[in-house]
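Trainee: Contents are TSV, N, CA and C atoms; file name final-v6.tsv:
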```tsv
chain	number	residue	atom	x	y	z
Q	247	MET	N	-74.23	-55.14	-26.77
Q	247	MET	CA	-72.82	-55.42	-26.58
Q	247	MET	C	-72.57	-56.85	-27.06
Q	248	ASN	N	-71.55	-57.03	-27.89
Q	248	ASN	CA	-71.27	-58.37	-28.39
Q	248	ASN	C	-70.61	-59.24	-27.33
Q	249	MET	N	-70.52	-60.51	-27.58
Q	249	MET	CA	-70.00	-61.48	-26.61
Q	249	MET	C	-68.55	-61.15	-26.23
Q	250	PHE	N	-67.72	-60.76	-27.22
Q	250	PHE	CA	-66.32	-60.44	-26.93
Q	250	PHE	C	-66.23	-59.25	-25.98
Q	251	ALA	N	-67.03	-58.23	-26.22
Q	251	ALA	CA	-67.02	-57.05	-25.36
Q	251	ALA	C	-67.46	-57.40	-23.94
Q	252	LYS	N	-68.49	-58.25	-23.83
Q	252	LYS	CA	-68.95	-58.67	-22.50
Q	252	LYS	C	-67.87	-59.44	-21.76
Q	253	LEU	N	-67.17	-60.32	-22.46
Q	253	LEU	CA	-66.08	-61.07	-21.83
Q	253	LEU	C	-64.94	-60.15	-21.40
Q	254	ALA	N	-64.63	-59.16	-22.21
Q	254	ALA	CA	-63.58	-58.22	-21.86
Q	254	ALA	C	-63.93	-57.44	-20.60
Q	255	VAL	N	-65.17	-56.98	-20.50
Q	255	VAL	CA	-65.62	-56.25	-19.31
Q	255	VAL	C	-65.59	-57.16	-18.09
Q	256	LEU	N	-66.08	-58.38	-18.21
Q	256	LEU	CA	-66.06	-59.31	-17.09
Q	256	LEU	C	-64.63	-59.63	-16.65
Q	257	SER	N	-63.73	-59.82	-17.60
Q	257	SER	CA	-62.34	-60.11	-17.27
Q	257	SER	C	-61.70	-58.94	-16.55
Q	258	ALA	N	-61.97	-57.74	-17.01
Q	258	ALA	CA	-61.41	-56.55	-16.37
Q	258	ALA	C	-61.94	-56.41	-14.95
Q	259	CYS	N	-63.23	-56.65	-14.77
Q	259	CYS	CA	-63.81	-56.56	-13.43
Q	259	CYS	C	-63.22	-57.61	-12.51
Q	260	ALA	N	-63.02	-58.81	-13.00
Q	260	ALA	CA	-62.45	-59.88	-12.20
Q	260	ALA	C	-61.02	-59.56	-11.79
Q	261	ALA	N	-60.29	-58.85	-12.64
Q	261	ALA	CA	-58.90	-58.50	-12.33
Q	261	ALA	C	-58.80	-57.23	-11.50
Q	262	GLY	N	-59.93	-56.60	-11.20
Q	262	GLY	CA	-59.90	-55.37	-10.42
Q	262	GLY	C	-59.51	-54.17	-11.24
Q	263	ILE	N	-59.75	-54.23	-12.54
Q	263	ILE	CA	-59.37	-53.15	-13.43
Q	263	ILE	C	-60.62	-52.44	-13.91
Q	264	VAL	N	-60.60	-51.13	-13.84
Q	264	VAL	CA	-61.70	-50.33	-14.35
Q	264	VAL	C	-61.10	-49.30	-15.28
Q	265	LEU	N	-61.61	-49.20	-16.49
Q	265	LEU	CA	-61.10	-48.24	-17.46
Q	265	LEU	C	-62.19	-47.24	-17.77
Q	266	THR	N	-61.90	-45.97	-17.57
Q	266	THR	CA	-62.85	-44.91	-17.90
Q	266	THR	C	-62.17	-43.96	-18.88
Q	267	SER	N	-62.92	-43.02	-19.39
Q	267	SER	CA	-62.35	-42.13	-20.39
Q	267	SER	C	-62.11	-40.72	-19.89
Q	268	GLN	N	-62.24	-40.47	-18.61
Q	268	GLN	CA	-61.96	-39.15	-18.10
Q	268	GLN	C	-61.22	-39.24	-16.80
Q	269	ALA	N	-60.32	-38.28	-16.61
Q	269	ALA	CA	-59.54	-38.21	-15.38
Q	269	ALA	C	-60.32	-37.43	-14.34
Q	270	GLY	N	-60.10	-37.77	-13.09
Q	270	GLY	CA	-60.70	-37.03	-12.00
Q	270	GLY	C	-59.95	-35.72	-11.76
Q	271	ASP	N	-60.46	-34.91	-10.84
Q	271	ASP	CA	-59.85	-33.62	-10.55
Q	271	ASP	C	-58.87	-33.70	-9.39
Q	272	ASP	N	-58.60	-34.89	-8.87
Q	272	ASP	CA	-57.71	-35.03	-7.73
Q	272	ASP	C	-56.26	-34.80	-8.14
Q	273	ALA	N	-55.41	-34.72	-7.16
Q	273	ALA	CA	-54.00	-34.49	-7.42
Q	273	ALA	C	-53.36	-35.76	-7.98
Q	274	TYR	N	-52.97	-35.69	-9.22
Q	274	TYR	CA	-52.29	-36.80	-9.88
Q	274	TYR	C	-50.87	-36.33	-10.11
Q	275	PRO	N	-49.85	-37.16	-9.83
Q	275	PRO	CA	-48.47	-36.67	-9.84
Q	275	PRO	C	-47.87	-36.40	-11.22
Q	276	LEU	N	-48.53	-36.81	-12.30
Q	276	LEU	CA	-47.96	-36.61	-13.63
Q	276	LEU	C	-48.91	-35.84	-14.53
Q	277	THR	N	-48.34	-35.08	-15.45
Q	277	THR	CA	-49.12	-34.43	-16.50
Q	277	THR	C	-48.92	-35.16	-17.82
Q	278	THR	N	-48.14	-36.24	-17.76
Q	278	THR	CA	-47.84	-37.03	-18.95
Q	278	THR	C	-48.27	-38.48	-18.73
Q	279	CYS	N	-48.42	-39.19	-19.82
Q	279	CYS	CA	-48.76	-40.61	-19.77
Q	279	CYS	C	-47.61	-41.37	-19.12
Q	280	VAL	N	-47.92	-42.22	-18.17
Q	280	VAL	CA	-46.89	-42.96	-17.45
Q	280	VAL	C	-46.15	-43.93	-18.37
Q	281	VAL	N	-46.76	-44.32	-19.48
Q	281	VAL	CA	-46.15	-45.27	-20.40
Q	281	VAL	C	-45.36	-44.57	-21.51
Q	282	SER	N	-46.02	-43.66	-22.24
Q	282	SER	CA	-45.39	-43.05	-23.42
Q	282	SER	C	-44.65	-41.76	-23.12
Q	283	GLY	N	-45.01	-41.09	-22.03
Q	283	GLY	CA	-44.42	-39.79	-21.71
Q	283	GLY	C	-45.09	-38.63	-22.44
Q	284	GLU	N	-46.11	-38.94	-23.23
Q	284	GLU	CA	-46.82	-37.87	-23.96
Q	284	GLU	C	-47.79	-37.16	-23.03
Q	285	THR	N	-48.06	-35.90	-23.33
Q	285	THR	CA	-48.95	-35.09	-22.51
Q	285	THR	C	-50.33	-35.73	-22.45
Q	286	LEU	N	-50.86	-35.84	-21.23
Q	286	LEU	CA	-52.21	-36.39	-21.07
Q	286	LEU	C	-53.20	-35.50	-21.80
Q	287	GLY	N	-54.08	-36.10	-22.55
Q	287	GLY	CA	-55.06	-35.37	-23.33
Q	287	GLY	C	-54.59	-35.01	-24.73
Q	288	SER	N	-53.33	-35.33	-25.06
Q	288	SER	CA	-52.79	-34.97	-26.37
Q	288	SER	C	-53.41	-35.77	-27.51
Q	289	HIS	N	-54.05	-36.88	-27.18
Q	289	HIS	CA	-54.72	-37.72	-28.19
Q	289	HIS	C	-56.23	-37.73	-27.97
Q	290	GLY	N	-56.74	-36.68	-27.37
Q	290	GLY	CA	-58.16	-36.63	-27.03
Q	290	GLY	C	-58.34	-36.86	-25.54
Q	291	LYS	N	-59.33	-37.65	-25.19
Q	291	LYS	CA	-59.62	-37.90	-23.78
Q	291	LYS	C	-58.48	-38.66	-23.11
Q	292	THR	N	-58.25	-38.32	-21.86
Q	292	THR	CA	-57.31	-39.07	-21.03
Q	292	THR	C	-58.03	-40.31	-20.53
Q	293	PHE	N	-57.37	-41.45	-20.61
Q	293	PHE	CA	-57.95	-42.70	-20.13
Q	293	PHE	C	-57.41	-42.99	-18.75
Q	294	VAL	N	-58.31	-43.35	-17.86
Q	294	VAL	CA	-57.97	-43.60	-16.47
Q	294	VAL	C	-58.27	-45.06	-16.14
Q	295	GLU	N	-57.30	-45.71	-15.55
Q	295	GLU	CA	-57.50	-47.08	-15.11
Q	295	GLU	C	-57.24	-47.14	-13.61
Q	296	HIS	N	-58.05	-47.92	-12.94
Q	296	HIS	CA	-57.82	-48.17	-11.52
Q	296	HIS	C	-57.26	-49.57	-11.42
Q	297	TYR	N	-56.00	-49.64	-11.10
Q	297	TYR	CA	-55.29	-50.91	-11.04
Q	297	TYR	C	-54.88	-51.18	-9.60
Q	298	GLU	N	-55.44	-52.21	-9.02
Q	298	GLU	CA	-55.16	-52.59	-7.64
Q	298	GLU	C	-55.28	-51.40	-6.70
Q	299	GLY	N	-56.36	-50.62	-6.90
Q	299	GLY	CA	-56.63	-49.48	-6.04
Q	299	GLY	C	-55.88	-48.21	-6.38
Q	300	ARG	N	-55.07	-48.24	-7.41
Q	300	ARG	CA	-54.28	-47.07	-7.81
Q	300	ARG	C	-54.82	-46.50	-9.11
Q	301	GLU	N	-54.90	-45.20	-9.19
Q	301	GLU	CA	-55.30	-44.55	-10.43
Q	301	GLU	C	-54.09	-44.40	-11.33
Q	302	VAL	N	-54.26	-44.79	-12.58
Q	302	VAL	CA	-53.20	-44.66	-13.59
Q	302	VAL	C	-53.82	-44.00	-14.80
Q	303	ARG	N	-53.18	-42.95	-15.31
Q	303	ARG	CA	-53.72	-42.22	-16.45
Q	303	ARG	C	-52.87	-42.46	-17.69
Q	304	PHE	N	-53.57	-42.60	-18.82
Q	304	PHE	CA	-52.92	-42.87	-20.10
Q	304	PHE	C	-53.35	-41.85	-21.14
Q	305	CYS	N	-52.47	-41.61	-22.13
Q	305	CYS	CA	-52.82	-40.70	-23.22
Q	305	CYS	C	-53.76	-41.37	-24.21
Q	306	CYS	N	-53.76	-42.71	-24.25
Q	306	CYS	CA	-54.61	-43.45	-25.19
Q	306	CYS	C	-54.81	-44.87	-24.67
Q	307	LYS	N	-55.76	-45.56	-25.24
Q	307	LYS	CA	-56.04	-46.94	-24.82
Q	307	LYS	C	-54.87	-47.87	-25.11
Q	308	GLY	N	-54.10	-47.58	-26.16
Q	308	GLY	CA	-52.98	-48.44	-26.53
Q	308	GLY	C	-51.93	-48.54	-25.44
Q	309	CYS	N	-51.73	-47.45	-24.70
Q	309	CYS	CA	-50.72	-47.47	-23.64
Q	309	CYS	C	-51.12	-48.39	-22.49
Q	310	ARG	N	-52.42	-48.61	-22.34
Q	310	ARG	CA	-52.91	-49.51	-21.30
Q	310	ARG	C	-52.34	-50.91	-21.49
Q	311	LYS	N	-52.28	-51.37	-22.75
Q	311	LYS	CA	-51.75	-52.72	-23.03
Q	311	LYS	C	-50.30	-52.83	-22.58
Q	312	ASP	N	-49.49	-51.82	-22.86
Q	312	ASP	CA	-48.10	-51.84	-22.44
Q	312	ASP	C	-47.98	-51.79	-20.92
Q	313	PHE	N	-48.84	-51.00	-20.28
Q	313	PHE	CA	-48.85	-50.93	-18.83
Q	313	PHE	C	-49.09	-52.30	-18.21
Q	314	LEU	N	-50.06	-53.03	-18.76
Q	314	LEU	CA	-50.42	-54.33	-18.19
Q	314	LEU	C	-49.33	-55.38	-18.36
Q	315	LYS	N	-48.37	-55.15	-19.25
Q	315	LYS	CA	-47.24	-56.07	-19.40
Q	315	LYS	C	-46.26	-55.93	-18.24
Q	316	GLU	N	-46.12	-54.73	-17.70
Q	316	GLU	CA	-45.17	-54.46	-16.61
Q	316	GLU	C	-45.76	-53.46	-15.62
Q	317	PRO	N	-46.88	-53.77	-14.99
Q	317	PRO	CA	-47.52	-52.78	-14.12
Q	317	PRO	C	-46.64	-52.31	-12.97
Q	318	ALA	N	-45.85	-53.18	-12.38
Q	318	ALA	CA	-45.00	-52.79	-11.25
Q	318	ALA	C	-44.02	-51.69	-11.64
Q	319	LYS	N	-43.50	-51.77	-12.85
Q	319	LYS	CA	-42.56	-50.76	-13.35
Q	319	LYS	C	-43.23	-49.38	-13.38
Q	320	TYR	N	-44.45	-49.33	-13.88
Q	320	TYR	CA	-45.13	-48.05	-14.02
Q	320	TYR	C	-45.69	-47.54	-12.70
Q	321	ILE	N	-46.11	-48.44	-11.82
Q	321	ILE	CA	-46.57	-48.03	-10.49
Q	321	ILE	C	-45.40	-47.41	-9.73
Q	322	LYS	N	-44.21	-48.00	-9.88
Q	322	LYS	CA	-43.02	-47.44	-9.23
Q	322	LYS	C	-42.74	-46.02	-9.75
Q	323	MET	N	-42.94	-45.81	-11.05
Q	323	MET	CA	-42.74	-44.48	-11.62
Q	323	MET	C	-43.75	-43.49	-11.03
Q	324	LEU	N	-44.99	-43.93	-10.84
Q	324	LEU	CA	-46.00	-43.07	-10.22
Q	324	LEU	C	-45.63	-42.74	-8.78
Q	325	ASP	N	-45.15	-43.74	-8.04
Q	325	ASP	CA	-44.75	-43.53	-6.66
Q	325	ASP	C	-43.61	-42.51	-6.58
Q	326	THR	N	-42.64	-42.63	-7.48
Q	326	THR	CA	-41.51	-41.70	-7.51
Q	326	THR	C	-41.99	-40.28	-7.82
Q	327	ALA	N	-42.87	-40.15	-8.81
Q	327	ALA	CA	-43.40	-38.83	-9.18
Q	327	ALA	C	-44.19	-38.22	-8.03
Q	328	ALA	N	-44.98	-39.04	-7.33
Q	328	ALA	CA	-45.77	-38.54	-6.20
Q	328	ALA	C	-44.86	-38.07	-5.07
Q	329	ALA	N	-43.79	-38.82	-4.80
Q	329	ALA	CA	-42.85	-38.43	-3.75
Q	329	ALA	C	-42.14	-37.13	-4.12
Q	330	GLN	N	-41.76	-36.99	-5.38
Q	330	GLN	CA	-41.10	-35.75	-5.84
Q	330	GLN	C	-42.05	-34.57	-5.75
Q	331	ALA	N	-43.31	-34.77	-6.11
Q	331	ALA	CA	-44.30	-33.69	-6.05
Q	331	ALA	C	-44.53	-33.26	-4.60
Q	332	ALA	N	-44.58	-34.22	-3.69
Q	332	ALA	CA	-44.79	-33.91	-2.27
Q	332	ALA	C	-43.59	-33.14	-1.72
Q	333	THR	N	-42.39	-33.54	-2.09
Q	333	THR	CA	-41.18	-32.86	-1.64
Q	333	THR	C	-41.12	-31.45	-2.20
Q	334	ALA	N	-41.44	-31.30	-3.47
Q	334	ALA	CA	-41.40	-29.98	-4.11
Q	334	ALA	C	-42.40	-29.03	-3.47
Q	335	SER	N	-43.60	-29.52	-3.14
Q	335	SER	CA	-44.61	-28.63	-2.57
Q	335	SER	C	-44.28	-28.24	-1.13
Q	336	THR	N	-43.59	-29.09	-0.38
Q	336	THR	CA	-43.24	-28.74	1.00
Q	336	THR	C	-41.97	-27.91	1.08
Q	337	ASN	N	-41.12	-27.96	0.04
Q	337	ASN	CA	-39.88	-27.20	0.05
Q	337	ASN	C	-39.95	-25.91	-0.77
Q	338	ALA	N	-41.09	-25.64	-1.39
Q	338	ALA	CA	-41.21	-24.45	-2.22
Q	338	ALA	C	-41.22	-23.20	-1.35
Q	339	PRO	N	-40.48	-22.17	-1.75
Q	339	PRO	CA	-40.49	-20.93	-0.97
Q	339	PRO	C	-41.83	-20.24	-1.10
Q	340	ALA	N	-42.22	-19.55	-0.07
Q	340	ALA	CA	-43.47	-18.81	-0.11
Q	340	ALA	C	-43.33	-17.63	-1.06
Q	341	ALA	N	-44.38	-17.29	-1.77
Q	341	ALA	CA	-44.33	-16.19	-2.73
Q	341	ALA	C	-44.16	-14.85	-2.04
Q	342	VAL	N	-44.76	-14.69	-0.88
Q	342	VAL	CA	-44.64	-13.45	-0.14
Q	342	VAL	C	-43.60	-13.64	0.95
Q	343	GLY	N	-42.67	-12.71	1.04
Q	343	GLY	CA	-41.66	-12.78	2.08
Q	343	GLY	C	-40.61	-13.83	1.85
Q	344	HIS	N	-40.41	-14.25	0.60
Q	344	HIS	CA	-39.39	-15.26	0.35
Q	344	HIS	C	-38.00	-14.65	0.42
Q	345	ASP	N	-37.03	-15.48	0.54
Q	345	ASP	CA	-35.64	-15.06	0.65
Q	345	ASP	C	-35.19	-14.41	-0.65
Q	346	HIS	N	-34.61	-13.23	-0.56
Q	346	HIS	CA	-34.13	-12.51	-1.74
Q	346	HIS	C	-32.65	-12.70	-1.97
Q	347	ALA	N	-32.01	-13.57	-1.24
Q	347	ALA	CA	-30.58	-13.82	-1.42
Q	347	ALA	C	-30.33	-14.36	-2.83
Q	348	GLY	N	-29.41	-13.73	-3.55
Q	348	GLY	CA	-29.05	-14.23	-4.86
Q	348	GLY	C	-29.83	-13.65	-6.00
Q	349	HIS	N	-30.85	-12.81	-5.69
Q	349	HIS	CA	-31.58	-12.16	-6.77
Q	349	HIS	C	-32.23	-10.89	-6.28
Q	350	THR	N	-32.56	-10.02	-7.21
Q	350	THR	CA	-33.31	-8.80	-6.90
Q	350	THR	C	-34.52	-8.74	-7.80
Q	351	HIS	N	-35.48	-7.93	-7.41
Q	351	HIS	CA	-36.68	-7.75	-8.21
Q	351	HIS	C	-36.60	-6.42	-8.93
Q	352	ASN	N	-36.95	-6.42	-10.17
Q	352	ASN	CA	-37.01	-5.22	-10.97
Q	352	ASN	C	-38.44	-4.76	-10.97
Q	353	GLU	N	-38.70	-3.51	-10.58
Q	353	GLU	CA	-40.08	-3.04	-10.48
Q	353	GLU	C	-40.82	-3.15	-11.80
Q	354	GLU	N	-40.14	-3.02	-12.93
Q	354	GLU	CA	-40.80	-3.13	-14.21
Q	354	GLU	C	-41.31	-4.54	-14.47
Q	355	ASN	N	-40.66	-5.55	-13.89
Q	355	ASN	CA	-41.04	-6.94	-14.11
Q	355	ASN	C	-42.02	-7.47	-13.08
Q	356	GLU	N	-42.36	-6.68	-12.10
Q	356	GLU	CA	-43.29	-7.16	-11.06
Q	356	GLU	C	-44.71	-6.98	-11.47
```
Would it be possible to restate this file's structure as structure tokens?

Mentor:
Amino acid sequence: MNMFAKLAVLSACAAGIVLTSQAGDDAYPLTTCVVSGETLGSHGKTFVEHYEGREVRFCCKGCRKDFLKEPAKYIKMLDTAAAQAATASTNAPAAVGHDHAGHTHNEENE
């Protein structure tokens, strides 16, 4: 590893930033890059950064640079997405025995 690469790794560690090239299997509130809005994995591997204890996923390494310019902006977007996902999952009607008001089922489509 060259000196520049070693300094970059040390700087990232000192700032509490870890960059990996694969996303975990946990519940992440977005299927898109928090910076570009592009589908995660659309440019190959999804890049995952742990920023101040929060997981942030990017479609490419380039989006990481933009994230670091305004991290609070993007963390807020993640918080909003997580809150919306939590609300959607708790308010979703059950598949069995759900309310049929306003629609009917066609046996051919079941």

Trainee: For the strand (DSSP E) assignment from backbone DSSP, which residues of segment 267-296 of chain Q qualify? Please present them as a count of residues only.

Mentor: 4

Trainee: Within 7 Å of Leu324 of chain Q, counting only N, CA and C atoms, which residues show up once you throw out same-chain ones fewer than 5 positions away? Write them as a list in words, please.

Mentor: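 Within the cut-off, the hits are Pro275, Val280, Lys319 and Ala329 of chain Q.
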
Trainee: As an MDAnalysis selection string, please: the residues near segment 300-311 of chain Q (cut-off 7 Å, all atoms listed in the file, same-chain neighbours under 3 positions excluded).

Mentor: chainID Q and resid 278:282 284:297 314:316

Trainee: Extending 6 Å beyond the listed atoms of segment 302-320 of chain Q on each side, what axis-aligned box results? I want centre and edge lengths in Å to one decimal, as JSON.

Mentor:
```
{"center_x": -49.3, "center_y": -48.4, "center_z": -18.9, "size_x": 25.5, "size_y": 27.4, "size_z": 27.3}
```
